[in-house]
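Enquirer: run.cif (mmCIF, C-alpha atoms and all ligand atoms) pasted underneath:
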```cif
data_upload
#
loop_
_atom_site.group_PDB
_atom_site.id
_atom_site.type_symbol
_atom_site.label_atom_id
_atom_site.label_comp_id
_atom_site.auth_asym_id
_atom_site.auth_seq_id
_atom_site.Cartn_x
_atom_site.Cartn_y
_atom_site.Cartn_z
ATOM 1 C CA MET A 25 0.000 0.000 0.000
ATOM 2 C CA PRO A 26 1.561 3.388 -0.952
ATOM 3 C CA THR A 27 1.932 5.987 1.750
ATOM 4 C CA VAL A 28 1.703 9.787 1.594
ATOM 5 C CA GLY A 29 5.501 9.835 2.042
ATOM 6 C CA THR A 30 6.258 7.524 -0.924
ATOM 7 C CA ARG A 31 3.814 9.443 -3.160
ATOM 8 C CA LEU A 32 5.343 12.770 -2.099
ATOM 9 C CA ARG A 33 8.891 11.551 -2.782
ATOM 10 C CA ALA A 34 7.952 10.136 -6.205
ATOM 11 C CA THR A 35 6.121 13.338 -7.197
ATOM 12 C CA THR A 36 9.005 15.522 -5.974
ATOM 13 C CA GLN A 37 11.456 13.472 -8.023
ATOM 14 C CA ARG A 38 9.361 13.754 -11.213
ATOM 15 C CA LEU A 39 9.084 17.513 -10.834
ATOM 16 C CA ALA A 40 12.812 17.864 -10.057
ATOM 17 C CA GLU A 41 13.712 15.858 -13.176
ATOM 18 C CA ALA A 42 11.528 18.234 -15.239
ATOM 19 C CA GLY A 43 13.540 21.209 -13.910
ATOM 20 C CA VAL A 44 10.708 22.641 -11.776
ATOM 21 C CA PRO A 45 12.430 25.168 -9.463
ATOM 22 C CA SER A 46 10.826 24.140 -6.130
ATOM 23 C CA PRO A 47 9.779 20.506 -6.633
ATOM 24 C CA TYR A 48 9.123 19.558 -2.974
ATOM 25 C CA HIS A 49 6.928 22.603 -2.368
ATOM 26 C CA ASP A 50 5.002 22.100 -5.608
ATOM 27 C CA ALA A 51 4.531 18.359 -4.950
ATOM 28 C CA ILE A 52 3.023 19.139 -1.540
ATOM 29 C CA VAL A 53 0.701 21.794 -3.020
ATOM 30 C CA LEU A 54 -0.464 19.497 -5.854
ATOM 31 C CA ILE A 55 -1.143 16.579 -3.491
ATOM 32 C CA ALA A 56 -2.906 18.825 -0.969
ATOM 33 C CA HIS A 57 -5.002 20.456 -3.708
ATOM 34 C CA THR A 58 -6.039 17.048 -5.099
ATOM 35 C CA LEU A 59 -6.923 15.627 -1.681
ATOM 36 C CA GLY A 60 -8.680 18.849 -0.609
ATOM 37 C CA LEU A 61 -6.374 19.201 2.392
ATOM 38 C CA GLU A 62 -4.000 21.856 3.727
ATOM 39 C CA PRO A 63 -0.342 21.597 2.639
ATOM 40 C CA SER A 64 0.705 21.502 6.325
ATOM 41 C CA TYR A 65 -1.395 18.343 6.761
ATOM 42 C CA ILE A 66 0.431 16.651 3.863
ATOM 43 C CA ARG A 67 3.811 17.532 5.414
ATOM 44 C CA THR A 68 2.753 15.967 8.711
ATOM 45 C CA ALA A 69 1.150 12.920 7.052
ATOM 46 C CA ALA A 70 4.337 12.367 5.025
ATOM 47 C CA ALA A 71 6.537 12.647 8.127
ATOM 48 C CA ARG A 72 4.332 10.063 9.914
ATOM 49 C CA ASP A 73 4.284 7.974 6.732
ATOM 50 C CA ASP A 74 0.477 7.719 6.878
ATOM 51 C CA GLU A 75 -1.228 5.469 4.398
ATOM 52 C CA TRP A 76 -2.330 7.114 1.130
ATOM 53 C CA PRO A 77 -6.057 7.824 1.669
ATOM 54 C CA PRO A 78 -8.250 5.152 0.035
ATOM 55 C CA GLY A 79 -10.402 6.553 -2.790
ATOM 56 C CA ALA A 80 -8.090 9.542 -3.466
ATOM 57 C CA ASP A 81 -8.205 10.415 -7.168
ATOM 58 C CA LEU A 82 -4.824 9.271 -8.472
ATOM 59 C CA ASP A 83 -5.701 10.003 -12.116
ATOM 60 C CA LEU A 84 -6.433 13.606 -11.219
ATOM 61 C CA LEU A 85 -3.145 13.908 -9.323
ATOM 62 C CA GLU A 86 -1.301 12.357 -12.275
ATOM 63 C CA ALA A 87 -2.936 14.826 -14.699
ATOM 64 C CA ARG A 88 -2.006 17.778 -12.493
ATOM 65 C CA VAL A 89 1.586 16.614 -12.008
ATOM 66 C CA THR A 90 1.939 16.152 -15.772
ATOM 67 C CA ARG A 91 0.756 19.741 -16.337
ATOM 68 C CA ARG A 92 3.408 20.946 -13.872
ATOM 69 C CA VAL A 93 6.061 18.720 -15.529
ATOM 70 C CA ASP A 94 5.126 20.565 -18.742
ATOM 71 C CA ARG A 95 5.937 23.758 -16.776
ATOM 72 C CA GLU A 96 2.410 25.137 -16.532
ATOM 73 C CA PRO A 97 2.464 27.539 -13.554
ATOM 74 C CA LEU A 98 1.416 25.943 -10.271
ATOM 75 C CA GLN A 99 -1.074 28.778 -9.759
ATOM 76 C CA HIS A 100 -2.847 27.957 -13.047
ATOM 77 C CA ILE A 101 -3.240 24.346 -11.934
ATOM 78 C CA THR A 102 -4.640 25.219 -8.500
ATOM 79 C CA GLY A 103 -6.401 28.381 -9.752
ATOM 80 C CA LYS A 104 -5.075 30.298 -6.736
ATOM 81 C CA ALA A 105 -2.316 32.771 -5.953
ATOM 82 C CA TYR A 106 -1.385 34.196 -2.579
ATOM 83 C CA PHE A 107 -0.478 37.869 -2.148
ATOM 84 C CA ARG A 108 -0.008 39.513 1.251
ATOM 85 C CA SER A 109 -3.177 38.470 3.145
ATOM 86 C CA LEU A 110 -5.165 37.635 -0.006
ATOM 87 C CA GLU A 111 -6.050 34.436 -1.813
ATOM 88 C CA LEU A 112 -6.705 35.469 -5.421
ATOM 89 C CA GLN A 113 -8.231 33.568 -8.324
ATOM 90 C CA VAL A 114 -5.899 33.379 -11.312
ATOM 91 C CA GLY A 115 -5.693 31.488 -14.586
ATOM 92 C CA PRO A 116 -4.673 31.840 -18.228
ATOM 93 C CA GLY A 117 -4.873 35.464 -19.361
ATOM 94 C CA VAL A 118 -3.992 37.116 -16.069
ATOM 95 C CA PHE A 119 -0.547 37.904 -14.656
ATOM 96 C CA ILE A 120 0.350 35.854 -11.571
ATOM 97 C CA PRO A 121 1.224 38.297 -8.763
ATOM 98 C CA ARG A 122 4.851 38.089 -7.615
ATOM 99 C CA PRO A 123 6.316 38.258 -4.093
ATOM 100 C CA GLU A 124 8.442 41.341 -4.929
ATOM 101 C CA THR A 125 5.238 43.268 -5.708
ATOM 102 C CA GLU A 126 4.125 42.715 -2.095
ATOM 103 C CA VAL A 127 6.750 45.299 -1.101
ATOM 104 C CA VAL A 128 5.415 47.750 -3.714
ATOM 105 C CA ALA A 129 1.906 47.254 -2.325
ATOM 106 C CA GLY A 130 3.308 47.821 1.173
ATOM 107 C CA VAL A 131 4.698 51.224 0.160
ATOM 108 C CA ALA A 132 1.316 52.158 -1.356
ATOM 109 C CA ILE A 133 -0.446 51.050 1.831
ATOM 110 C CA ALA A 134 1.868 53.203 3.973
ATOM 111 C CA ALA A 135 1.286 56.221 1.685
ATOM 112 C CA ALA A 136 -2.488 55.652 1.789
ATOM 113 C CA ARG A 137 -2.489 55.420 5.608
ATOM 114 C CA GLU A 138 -0.526 58.673 5.828
ATOM 115 C CA ALA A 139 -2.962 60.456 3.485
ATOM 116 C CA LEU A 140 -5.929 59.092 5.452
ATOM 117 C CA GLU A 141 -4.461 60.351 8.704
ATOM 118 C CA MET A 142 -3.764 63.816 7.286
ATOM 119 C CA ARG A 143 -6.942 64.333 5.261
ATOM 120 C CA GLY A 144 -9.578 62.031 6.790
ATOM 121 C CA SER A 145 -10.169 60.207 3.479
ATOM 122 C CA VAL A 146 -7.995 58.620 0.822
ATOM 123 C CA ARG A 147 -8.348 57.738 -2.868
ATOM 124 C CA VAL A 148 -5.978 55.253 -4.425
ATOM 125 C CA THR A 149 -5.690 54.305 -8.095
ATOM 126 C CA ASP A 150 -4.041 51.026 -9.137
ATOM 127 C CA LEU A 151 -3.064 51.285 -12.802
ATOM 128 C CA CYS A 152 -2.471 47.967 -14.640
ATOM 129 C CA ALA A 153 -4.331 46.100 -11.909
ATOM 130 C CA GLY A 154 -4.241 42.524 -13.300
ATOM 131 C CA SER A 155 -5.750 40.167 -10.700
ATOM 132 C CA GLY A 156 -6.222 43.123 -8.331
ATOM 133 C CA ALA A 157 -3.348 42.054 -6.068
ATOM 134 C CA ILE A 158 -2.196 45.585 -5.212
ATOM 135 C CA GLY A 159 -5.522 47.439 -5.243
ATOM 136 C CA ILE A 160 -7.430 44.848 -3.220
ATOM 137 C CA SER A 161 -4.559 44.680 -0.700
ATOM 138 C CA VAL A 162 -4.765 48.452 -0.242
ATOM 139 C CA ALA A 163 -8.549 48.335 0.290
ATOM 140 C CA THR A 164 -8.144 45.423 2.714
ATOM 141 C CA GLU A 165 -5.333 46.943 4.748
ATOM 142 C CA VAL A 166 -6.423 50.602 4.740
ATOM 143 C CA PRO A 167 -9.960 50.471 6.141
ATOM 144 C CA GLU A 168 -11.429 53.591 4.537
ATOM 145 C CA ALA A 169 -9.481 53.692 1.272
ATOM 146 C CA GLN A 170 -11.517 54.157 -1.925
ATOM 147 C CA VAL A 171 -9.628 52.166 -4.561
ATOM 148 C CA SER A 172 -10.019 52.300 -8.353
ATOM 149 C CA MET A 173 -8.302 49.619 -10.425
ATOM 150 C CA VAL A 174 -7.638 50.136 -14.151
ATOM 151 C CA GLU A 175 -6.949 47.214 -16.487
ATOM 152 C CA ALA A 176 -6.755 47.070 -20.295
ATOM 153 C CA SER A 177 -7.045 43.315 -20.872
ATOM 154 C CA GLU A 178 -10.559 41.861 -21.014
ATOM 155 C CA GLU A 179 -9.238 38.461 -19.919
ATOM 156 C CA ALA A 180 -7.508 39.942 -16.886
ATOM 157 C CA LEU A 181 -10.571 42.045 -16.111
ATOM 158 C CA VAL A 182 -12.605 38.859 -15.578
ATOM 159 C CA TYR A 183 -10.253 37.854 -12.749
ATOM 160 C CA LEU A 184 -10.067 41.416 -11.425
ATOM 161 C CA ARG A 185 -13.850 41.542 -11.046
ATOM 162 C CA LEU A 186 -14.051 38.002 -9.616
ATOM 163 C CA ASN A 187 -11.453 38.851 -6.991
ATOM 164 C CA ALA A 188 -13.053 42.188 -6.131
ATOM 165 C CA ARG A 189 -16.473 40.526 -5.720
ATOM 166 C CA ALA A 190 -15.012 37.800 -3.506
ATOM 167 C CA GLN A 191 -14.030 40.333 -0.812
ATOM 168 C CA PRO A 192 -16.087 41.002 2.315
ATOM 169 C CA ALA A 193 -18.807 43.637 1.746
ATOM 170 C CA ASP A 194 -16.914 46.333 3.618
ATOM 171 C CA VAL A 195 -13.938 45.983 1.233
ATOM 172 C CA ARG A 196 -15.932 45.198 -1.937
ATOM 173 C CA THR A 197 -17.949 48.399 -1.718
ATOM 174 C CA ARG A 198 -14.773 50.504 -1.746
ATOM 175 C CA LEU A 199 -13.375 48.853 -4.898
ATOM 176 C CA ARG A 200 -14.033 49.989 -8.451
ATOM 177 C CA SER A 201 -12.796 48.034 -11.484
ATOM 178 C CA VAL A 202 -12.334 50.121 -14.628
ATOM 179 C CA TYR A 203 -11.736 48.774 -18.134
ATOM 180 C CA GLY A 204 -9.320 51.172 -19.814
ATOM 181 C CA ASP A 205 -5.863 52.154 -20.946
ATOM 182 C CA ALA A 206 -3.734 53.357 -18.029
ATOM 183 C CA ARG A 207 -1.913 55.738 -20.399
ATOM 184 C CA ASN A 208 -5.129 57.593 -21.106
ATOM 185 C CA CYS A 209 -7.798 57.057 -18.457
ATOM 186 C CA LEU A 210 -8.192 60.478 -16.850
ATOM 187 C CA ARG A 211 -11.721 61.025 -18.139
ATOM 188 C CA GLN A 212 -12.888 57.881 -16.327
ATOM 189 C CA PHE A 213 -12.219 59.600 -12.984
ATOM 190 C CA ASP A 214 -14.138 62.449 -11.445
ATOM 191 C CA SER A 215 -11.700 63.389 -8.691
ATOM 192 C CA CYS A 216 -7.991 63.414 -7.915
ATOM 193 C CA ALA A 217 -6.096 60.525 -6.363
ATOM 194 C CA ASP A 218 -3.903 60.762 -3.265
ATOM 195 C CA VAL A 219 -1.882 57.718 -4.305
ATOM 196 C CA VAL A 220 -1.304 56.159 -7.721
ATOM 197 C CA VAL A 221 0.325 52.739 -7.591
ATOM 198 C CA THR A 222 1.239 50.674 -10.614
ATOM 199 C CA ASN A 223 3.040 47.529 -11.645
ATOM 200 C CA PRO A 224 3.080 48.144 -15.406
ATOM 201 C CA PRO A 225 4.571 45.901 -18.091
ATOM 202 C CA TYR A 226 8.289 46.803 -18.156
ATOM 203 C CA VAL A 227 10.279 43.901 -19.661
ATOM 204 C CA PRO A 228 12.353 45.008 -22.700
ATOM 205 C CA ILE A 229 11.252 43.213 -25.883
ATOM 206 C CA ASP A 230 14.629 41.455 -26.302
ATOM 207 C CA ALA A 231 14.729 40.208 -22.692
ATOM 208 C CA VAL A 232 12.393 37.224 -23.103
ATOM 209 C CA PRO A 233 12.123 35.569 -19.668
ATOM 210 C CA ARG A 234 13.890 32.192 -19.377
ATOM 211 C CA ASP A 235 11.353 30.313 -17.225
ATOM 212 C CA PRO A 236 8.704 28.603 -19.390
ATOM 213 C CA GLU A 237 6.089 29.463 -16.739
ATOM 214 C CA VAL A 238 6.644 33.147 -17.535
ATOM 215 C CA ALA A 239 7.601 33.049 -21.219
ATOM 216 C CA LEU A 240 4.710 30.778 -22.246
ATOM 217 C CA HIS A 241 1.997 31.506 -19.711
ATOM 218 C CA ASP A 242 2.131 35.144 -18.555
ATOM 219 C CA PRO A 243 0.224 37.320 -21.072
ATOM 220 C CA PRO A 244 2.688 39.290 -23.278
ATOM 221 C CA GLN A 245 0.671 42.464 -22.600
ATOM 222 C CA ALA A 246 1.497 42.027 -18.903
ATOM 223 C CA LEU A 247 5.227 41.655 -19.526
ATOM 224 C CA TYR A 248 6.559 43.820 -22.340
ATOM 225 C CA GLY A 249 6.815 47.556 -21.750
ATOM 226 C CA LEU A 250 7.699 48.447 -25.388
ATOM 227 C CA GLY A 251 10.538 50.637 -26.636
ATOM 228 C CA ASN A 252 14.172 49.479 -26.585
ATOM 229 C CA ASP A 253 14.368 49.688 -22.809
ATOM 230 C CA GLY A 254 10.870 48.380 -21.959
ATOM 231 C CA LEU A 255 9.958 51.784 -20.513
ATOM 232 C CA GLU A 256 7.714 53.254 -23.212
ATOM 233 C CA VAL A 257 4.509 52.147 -21.423
ATOM 234 C CA PRO A 258 5.814 52.966 -17.899
ATOM 235 C CA ARG A 259 6.817 56.501 -19.020
ATOM 236 C CA ALA A 260 3.369 57.102 -20.542
ATOM 237 C CA ILE A 261 1.738 55.803 -17.355
ATOM 238 C CA LEU A 262 3.918 58.102 -15.248
ATOM 239 C CA ASP A 263 2.661 61.033 -17.332
ATOM 240 C CA GLU A 264 -0.932 59.938 -16.746
ATOM 241 C CA ALA A 265 -0.271 59.474 -13.011
ATOM 242 C CA GLN A 266 0.795 63.124 -12.904
ATOM 243 C CA ARG A 267 -2.623 64.094 -14.322
ATOM 244 C CA LEU A 268 -4.515 61.750 -11.984
ATOM 245 C CA LEU A 269 -2.855 62.860 -8.725
ATOM 246 C CA ARG A 270 -3.679 65.844 -6.539
ATOM 247 C CA VAL A 271 -0.814 68.192 -5.664
ATOM 248 C CA GLY A 272 1.061 66.462 -2.825
ATOM 249 C CA GLY A 273 -0.079 63.023 -4.021
ATOM 250 C CA VAL A 274 2.389 60.161 -4.457
ATOM 251 C CA VAL A 275 3.134 57.788 -7.330
ATOM 252 C CA ILE A 276 4.664 54.362 -6.728
ATOM 253 C CA MET A 277 5.752 52.461 -9.831
ATOM 254 C CA GLU A 278 7.318 48.990 -9.898
ATOM 255 C CA HIS A 279 10.166 48.477 -12.401
ATOM 256 C CA GLY A 280 12.940 46.049 -13.283
ATOM 257 C CA ASP A 281 16.119 46.013 -11.182
ATOM 258 C CA GLU A 282 18.149 47.829 -13.853
ATOM 259 C CA GLN A 283 15.565 50.483 -14.709
ATOM 260 C CA GLY A 284 15.843 52.687 -11.588
ATOM 261 C CA PRO A 285 18.213 55.354 -13.004
ATOM 262 C CA ALA A 286 16.323 55.702 -16.323
ATOM 263 C CA LEU A 287 12.921 56.111 -14.653
ATOM 264 C CA ARG A 288 14.348 58.484 -12.050
ATOM 265 C CA ALA A 289 15.918 60.601 -14.807
ATOM 266 C CA TYR A 290 12.577 60.698 -16.647
ATOM 267 C CA ALA A 291 10.683 61.811 -13.539
ATOM 268 C CA GLU A 292 13.357 64.353 -12.621
ATOM 269 C CA SER A 293 13.177 65.870 -16.098
ATOM 270 C CA SER A 294 9.533 66.811 -15.440
ATOM 271 C CA GLU A 295 8.565 69.910 -13.468
ATOM 272 C CA TRP A 296 5.586 67.987 -12.026
ATOM 273 C CA TRP A 297 7.590 65.601 -9.819
ATOM 274 C CA ASP A 298 9.595 66.208 -6.669
ATOM 275 C CA ASP A 299 11.249 63.995 -4.051
ATOM 276 C CA VAL A 300 12.003 61.394 -6.731
ATOM 277 C CA ARG A 301 13.439 58.203 -5.222
ATOM 278 C CA THR A 302 14.177 54.576 -6.034
ATOM 279 C CA LEU A 303 13.272 52.019 -3.347
ATOM 280 C CA THR A 304 14.506 48.427 -3.177
ATOM 281 C CA ASP A 305 12.783 45.079 -2.670
ATOM 282 C CA LEU A 306 13.599 42.525 0.059
ATOM 283 C CA ASN A 307 16.604 41.289 -1.951
ATOM 284 C CA GLY A 308 18.060 44.821 -1.968
ATOM 285 C CA ARG A 309 17.397 45.252 -5.701
ATOM 286 C CA ASP A 310 16.069 48.491 -7.160
ATOM 287 C CA ARG A 311 12.327 47.786 -7.488
ATOM 288 C CA MET A 312 10.200 50.942 -7.547
ATOM 289 C CA LEU A 313 10.103 54.625 -8.323
ATOM 290 C CA VAL A 314 8.442 56.886 -5.752
ATOM 291 C CA ALA A 315 7.751 60.564 -6.479
ATOM 292 C CA THR A 316 5.530 63.357 -5.183
ATOM 293 C CA ARG A 317 3.286 65.414 -7.459
ATOM 294 C CA VAL A 318 3.960 69.146 -7.138
ATOM 295 C CA GLY A 319 2.046 72.169 -8.397
ATOM 296 C CA VAL A 320 3.870 74.506 -10.777
HETATM 297 C C1 LIG B 401 2.874 43.191 -14.664
HETATM 298 S S1 LIG B 401 1.138 42.995 -14.741
HETATM 299 C C2 LIG B 401 0.697 43.546 -13.118
HETATM 300 C C3 LIG B 401 -0.614 43.016 -12.603
HETATM 301 C C4 LIG B 401 -0.872 43.299 -11.120
HETATM 302 N N1 LIG B 401 -0.869 44.707 -10.826
HETATM 303 C C5 LIG B 401 0.184 42.627 -10.267
HETATM 304 O O1 LIG B 401 1.067 43.299 -9.751
HETATM 305 O O2 LIG B 401 0.118 41.406 -10.136
HETATM 306 C C6 LIG B 401 0.661 44.332 -15.793
HETATM 307 C C7 LIG B 401 -0.830 44.423 -16.069
HETATM 308 O O3 LIG B 401 -1.063 45.607 -16.832
HETATM 309 C C8 LIG B 401 -2.005 45.360 -17.850
HETATM 310 N N2 LIG B 401 -1.748 46.370 -18.878
HETATM 311 C C9 LIG B 401 -0.792 46.396 -19.833
HETATM 312 N N3 LIG B 401 -0.827 47.542 -20.526
HETATM 313 C C10 LIG B 401 -1.843 48.275 -19.995
HETATM 314 C C11 LIG B 401 -2.379 49.564 -20.262
HETATM 315 N N4 LIG B 401 -1.887 50.337 -21.229
HETATM 316 N N5 LIG B 401 -3.410 49.989 -19.518
HETATM 317 C C12 LIG B 401 -3.927 49.230 -18.516
HETATM 318 N N6 LIG B 401 -3.457 47.998 -18.219
HETATM 319 C C13 LIG B 401 -2.430 47.532 -18.934
HETATM 320 C C14 LIG B 401 -1.745 43.932 -18.253
HETATM 321 O O4 LIG B 401 -2.871 43.371 -18.889
HETATM 322 C C15 LIG B 401 -1.435 43.296 -16.892
HETATM 323 O O5 LIG B 401 -2.614 42.866 -16.277
#
```
Once more with this new file: its structure as structure tokens, please.
Expert:
Amino acid sequence: MPTVGTRLRATTQRLAEAGVPSPYHDAIVLIAHTLGLEPSYIRTAAARDDEWPPGADLDLLEARVTRRVDREPLQHITGKAYFRSLELQVGPGVFIPRPETEVVAGVAIAAAREALEMRGSVRVTDLCAGSGAIGISVATEVPEAQVSMVEASEEALVYLRLNARAQPADVRTRLRSVYGDARNCLRQFDSCADVVVTNPPYVPIDAVPRDPEVALHDPPQALYGLGNDGLEVPRAILDEAQRLLRVGGVVIMEHGDEQGPALRAYAESSEWWDDVRTLTDLNGRDRMLVATRVGV
């Protein structure tokens, strides 16, 4: 009779042989997802070498492991991605939120809390919202924040709306999902934002990501920022952020680890931005531009 431990070891080995970056973790998640149990339970059951549960759907597990061996993202197979305190629905057509963006969301949350404290209300706009990872985190973690989320892909918008609707009523009612181009969306707003946060596409066209999970499964519109340096879309979004923000408002824009100086130079060349800074992620890499909108 197979045990949870033998099944976990065999699955881990198959994933490792396929070059999956974290085979043990992914094997646990796939087994837990198939058995409808928590990953922590699988770890414990494997350590105790419990018997494999009778009636568990082995064909389904096999099908899911094969998809992962073919380097389909784990999150597409489970349909879930975790971001800060959120469990988000994801699938083909929407960008899978990344851990480094949690730090970007954290900076937006801090800026929103500061604005709320100073002004008694706060409006936040998440441009290029994807699954809603950043915008929904802000609404969840800043109790009174009114959050608008702008997304240009119809496929991504389906997930954005699903995730917004899945929130508790008190959060859901403060979220607005807008279908539009973040480079030109001003007329869809009737008042100024205190904080604009964005994780735009910024990968240069010749820097095709190596991991098949990214290269084959993340939507190209979510990755490539156009122009030789991948910054054509981010620069246009920065210009729109300037129009969306009130004087004294803050923009926070995620970028690639080599794009800090170029984006800083662009912001500094404009009379509309002051206090232009680059902040790093948890690995110490340049990760986001922060700037304050000034009046001229
Ligand atoms: C890197 S993903 C970020 C998604 C999400 N904010 C996150 O951090 O997980 C970029 C997103 O921007 C969207 N997008 C690309 N160009 C856009 C544009 N011009 N206007 C609005 N959204 C755009 C893509 O469809 C994608 O969902």
Enquirer: Write as an NGL selection string the residues around ligand LIG 401 (chain B), taking 6 Å as the cut-off and counting all atoms listed in the file.
Expert: :A and (118-121 or 125 or 152-155 or 157-158 or 174-177 or 180 or 204-207 or 223-225 or 245-247)
Enquirer: Selection in question (the file shown): the PyMOL selection byres (((chain A and resi 268) around 8) and not hetatm). Which residues does it include, as a PDB file with C-alpha atoms, keeping the file's coordinate frame?
Expert:
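Heads up, here's the output in result-v4.pdb:
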```
ATOM      1  CA  LEU A 210      -8.192  60.478 -16.850  1.00  0.00           C
ATOM      2  CA  CYS A 216      -7.991  63.414  -7.915  1.00  0.00           C
ATOM      3  CA  ALA A 217      -6.096  60.525  -6.363  1.00  0.00           C
ATOM      4  CA  VAL A 220      -1.304  56.159  -7.721  1.00  0.00           C
ATOM      5  CA  GLU A 264      -0.932  59.938 -16.746  1.00  0.00           C
ATOM      6  CA  ALA A 265      -0.271  59.474 -13.011  1.00  0.00           C
ATOM      7  CA  GLN A 266       0.795  63.124 -12.904  1.00  0.00           C
ATOM      8  CA  ARG A 267      -2.623  64.094 -14.322  1.00  0.00           C
ATOM      9  CA  LEU A 269      -2.855  62.860  -8.725  1.00  0.00           C
ATOM     10  CA  ARG A 270      -3.679  65.844  -6.539  1.00  0.00           C
TER      11      ARG A 270
END
```
Enquirer: Taking (-5.7, 45.8, -0.8) in the file's own coordinates, collect the residues within 10 Å, counting only C-alpha atoms, and hand them back as a VMD selection string.
Expert: chain A and resid 107 to 110 129 to 130 132 to 133 150 156 to 167 169 171 188 191 195 199
Enquirer: Work out how far apart atom CA of A:Leu184 and atom CA of A:Arg122 are and give it in Å to one decimal.
Expert: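 Value for the atom CA of A:Leu184-atom CA of A:Arg122 distance: 15.8 Å.
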Enquirer: Specify as an mmCIF file with C-alpha atoms, keeping the file's coordinate frame each residue included when the PyMOL selection byres (((chain A and resi 28-45) around 12) and not hetatm) is applied to this file.
Expert:
```cif
data_model
loop_
_atom_site.group_PDB
_atom_site.id
_atom_site.type_symbol
_atom_site.label_atom_id
_atom_site.label_comp_id
_atom_site.auth_asym_id
_atom_site.auth_seq_id
_atom_site.Cartn_x
_atom_site.Cartn_y
_atom_site.Cartn_z
ATOM 1 C CA MET A 25 0.000 0.000 0.000
ATOM 2 C CA PRO A 26 1.561 3.388 -0.952
ATOM 3 C CA THR A 27 1.932 5.987 1.750
ATOM 4 C CA SER A 46 10.826 24.140 -6.130
ATOM 5 C CA PRO A 47 9.779 20.506 -6.633
ATOM 6 C CA TYR A 48 9.123 19.558 -2.974
ATOM 7 C CA HIS A 49 6.928 22.603 -2.368
ATOM 8 C CA ASP A 50 5.002 22.100 -5.608
ATOM 9 C CA ALA A 51 4.531 18.359 -4.950
ATOM 10 C CA ILE A 52 3.023 19.139 -1.540
ATOM 11 C CA VAL A 53 0.701 21.794 -3.020
ATOM 12 C CA LEU A 54 -0.464 19.497 -5.854
ATOM 13 C CA ILE A 55 -1.143 16.579 -3.491
ATOM 14 C CA ALA A 56 -2.906 18.825 -0.969
ATOM 15 C CA LEU A 59 -6.923 15.627 -1.681
ATOM 16 C CA PRO A 63 -0.342 21.597 2.639
ATOM 17 C CA TYR A 65 -1.395 18.343 6.761
ATOM 18 C CA ILE A 66 0.431 16.651 3.863
ATOM 19 C CA ARG A 67 3.811 17.532 5.414
ATOM 20 C CA THR A 68 2.753 15.967 8.711
ATOM 21 C CA ALA A 69 1.150 12.920 7.052
ATOM 22 C CA ALA A 70 4.337 12.367 5.025
ATOM 23 C CA ALA A 71 6.537 12.647 8.127
ATOM 24 C CA ARG A 72 4.332 10.063 9.914
ATOM 25 C CA ASP A 73 4.284 7.974 6.732
ATOM 26 C CA ASP A 74 0.477 7.719 6.878
ATOM 27 C CA GLU A 75 -1.228 5.469 4.398
ATOM 28 C CA TRP A 76 -2.330 7.114 1.130
ATOM 29 C CA PRO A 77 -6.057 7.824 1.669
ATOM 30 C CA PRO A 78 -8.250 5.152 0.035
ATOM 31 C CA ALA A 80 -8.090 9.542 -3.466
ATOM 32 C CA LEU A 82 -4.824 9.271 -8.472
ATOM 33 C CA LEU A 85 -3.145 13.908 -9.323
ATOM 34 C CA GLU A 86 -1.301 12.357 -12.275
ATOM 35 C CA ALA A 87 -2.936 14.826 -14.699
ATOM 36 C CA ARG A 88 -2.006 17.778 -12.493
ATOM 37 C CA VAL A 89 1.586 16.614 -12.008
ATOM 38 C CA THR A 90 1.939 16.152 -15.772
ATOM 39 C CA ARG A 91 0.756 19.741 -16.337
ATOM 40 C CA ARG A 92 3.408 20.946 -13.872
ATOM 41 C CA VAL A 93 6.061 18.720 -15.529
ATOM 42 C CA ASP A 94 5.126 20.565 -18.742
ATOM 43 C CA ARG A 95 5.937 23.758 -16.776
ATOM 44 C CA GLU A 96 2.410 25.137 -16.532
ATOM 45 C CA PRO A 97 2.464 27.539 -13.554
ATOM 46 C CA LEU A 98 1.416 25.943 -10.271
ATOM 47 C CA ASP A 235 11.353 30.313 -17.225
ATOM 48 C CA PRO A 236 8.704 28.603 -19.390
ATOM 49 C CA GLU A 237 6.089 29.463 -16.739
#
```
